[in-house]
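The block underneath contains the structure these notes are about, expressed in structure tokens.
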Amino acid sequence: MGDKLKMGFIGMGFIGPVHADAVALNWDMSTVFAVADDDPIKQKMAEDMGLKTYQAAEEMIKDPEIDAVHIAGPDQFHADWSILAMDVGKKLVVCEKPMTLTLDDSVRVLERAQKYEAEGGVFMTNINYMGHALPRAAREMRIKGDLGDIAIVQGWYEQDWLMDPNVWSWRLEGKMCASKDILPHLVSAASV
């Protein structure tokens, strides 16, 4: 394999560090190289780990030393940051879900991603459960024709711990709450 991809992470709130750890585990393909976060505490933590730091995501995206960008910052910036990263020619752009907040932005990102991939880049949105055993088995059954013609898919995302009023979860916050995380997982699983 060639040189490792130097990945820059935008946003080190909840999911950014989790995904950075996952990249660190795949040490033969990529390396966590930089962090963009406007929180001085998170910048200091990244600096203490020997990572390059940026306050502004756009500054990190434009750094030619960074090969790949992983977007885990505030949702309202995902579309613009994704497009900028593709425009400056990063080899890989990973955008955390939700990819965008509007249909118009989704169309903009999709159109740019199609050109970007034709140019040799890779754009992706994280739907991590597709690698788990049950979705893989369902996909294989559908491909083999074992499921027949599928007309309706019904699904649920069982996390009964969310019913406890004493447990806080970001999945229940804001007007779009579940549609930002649980719904994309259900839709992707149903699309196998």
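By order in the structure tokens, chains are A, B, ...; within a chain, residues start at 1; ligands start at 1, following the order shown.
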Can you list, as a ChimeraX atom specification, every protein, DNA or RNA residue that comes within 12 Å of Ile41 of chain A when you count only C-alpha atoms, leaving out same-chain residues fewer than 5 positions away? /A:12-13,36,46-48,53,55
Suppose we keep N, CA, C and O atoms; can you now write the selection as an mmCIF file, in the first residue's frame?
data_model
loop_
_atom_site.group_PDB
_atom_site.id
_atom_site.type_symbol
_atom_site.label_atom_id
_atom_site.label_comp_id
_atom_site.auth_asym_id
_atom_site.auth_seq_id
_atom_site.Cartn_x
_atom_site.Cartn_y
_atom_site.Cartn_z
ATOM 1 N N MET A 12 -14.685 18.012 17.166
ATOM 2 C CA MET A 12 -14.280 16.967 18.105
ATOM 3 C C MET A 12 -15.224 16.958 19.297
ATOM 4 O O MET A 12 -14.808 16.864 20.444
ATOM 5 N N GLY A 13 -16.520 17.041 18.990
ATOM 6 C CA GLY A 13 -17.537 17.001 20.030
ATOM 7 C C GLY A 13 -17.824 15.572 20.433
ATOM 8 O O GLY A 13 -17.007 14.907 21.063
ATOM 9 N N ALA A 36 -9.783 20.491 13.373
ATOM 10 C CA ALA A 36 -10.330 21.849 13.323
ATOM 11 C C ALA A 36 -11.500 21.901 14.289
ATOM 12 O O ALA A 36 -12.465 21.145 14.149
ATOM 13 N N ALA A 46 -5.744 18.341 21.184
ATOM 14 C CA ALA A 46 -5.193 17.872 19.914
ATOM 15 C C ALA A 46 -3.706 18.213 19.806
ATOM 16 O O ALA A 46 -2.901 17.388 19.359
ATOM 17 N N GLU A 47 -3.351 19.424 20.212
ATOM 18 C CA GLU A 47 -1.941 19.829 20.191
ATOM 19 C C GLU A 47 -1.097 18.928 21.090
ATOM 20 O O GLU A 47 0.012 18.529 20.732
ATOM 21 N N ASP A 48 -1.646 18.596 22.267
ATOM 22 C CA ASP A 48 -0.926 17.725 23.200
ATOM 23 C C ASP A 48 -0.720 16.325 22.617
ATOM 24 O O ASP A 48 0.192 15.609 23.026
ATOM 25 N N THR A 53 -3.510 21.792 14.459
ATOM 26 C CA THR A 53 -4.831 22.294 14.843
ATOM 27 C C THR A 53 -5.199 23.557 14.078
ATOM 28 O O THR A 53 -4.324 24.327 13.669
ATOM 29 N N GLN A 55 -8.548 26.602 14.053
ATOM 30 C CA GLN A 55 -9.788 27.088 14.640
ATOM 31 C C GLN A 55 -10.902 27.039 13.603
ATOM 32 O O GLN A 55 -12.030 26.715 13.915
#
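Compared by their closest atoms to Val32 of chain A, and using only C-alpha atoms, the residues A:Glu140, A:Glu58, A:Asp67, A:Asp87 rank with A:Asp67 nearest.
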Would you mind listing what lies within 8 Å of Phe9 of chain A as a list in words, with only C-alpha atoms counted and same-chain residues fewer than 4 positions away left out? Gly16, Ala20, Val32, Ala34, Val35, Ala36, Val69, His70, Ile71 and Ala72 of chain A
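If you count only C-alpha atoms and ignore residues fewer than 3 places along the chain from segment 73-78 of chain A, what sits within 7 Å of it is Ile10, Gly11, Trp81, Ser82, Cys95, Pro98, Met99, Thr100 and Leu101 of chain A.
Distance check against Leu5 of chain A using only C-alpha atoms: of A:Met163, A:Ile152, A:Ala79, A:Leu92, the minimum falls on A:Leu92.
Counting only C-alpha atoms and comparing A:Lys91, A:Lys144, A:Lys4, A:Lys42, the residue that lies closest to Gly121 of chain A is A:Lys91.
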Quick one: of A:Gly8, A:Asp104, A:Ala22, A:Ser30, who's nearest to Glu59 of chain A, counting only C-alpha atoms? A:Gly8
Selection: 10 Å around Leu84 of chain A, only C-alpha atoms, excl. self and same-chain fewer than 6 positions, as JSON, numbers by chain: {"A": [58, 61, 62, 78, 90, 93, 112]}
Can you list every residue in segment 18-145 of chain A that DSSP puts in alpha helix (DSSP H), as a VMD selection string? chain A and resid 18 to 25 40 to 48 57 to 62 78 to 87 103 to 118 133 to 144
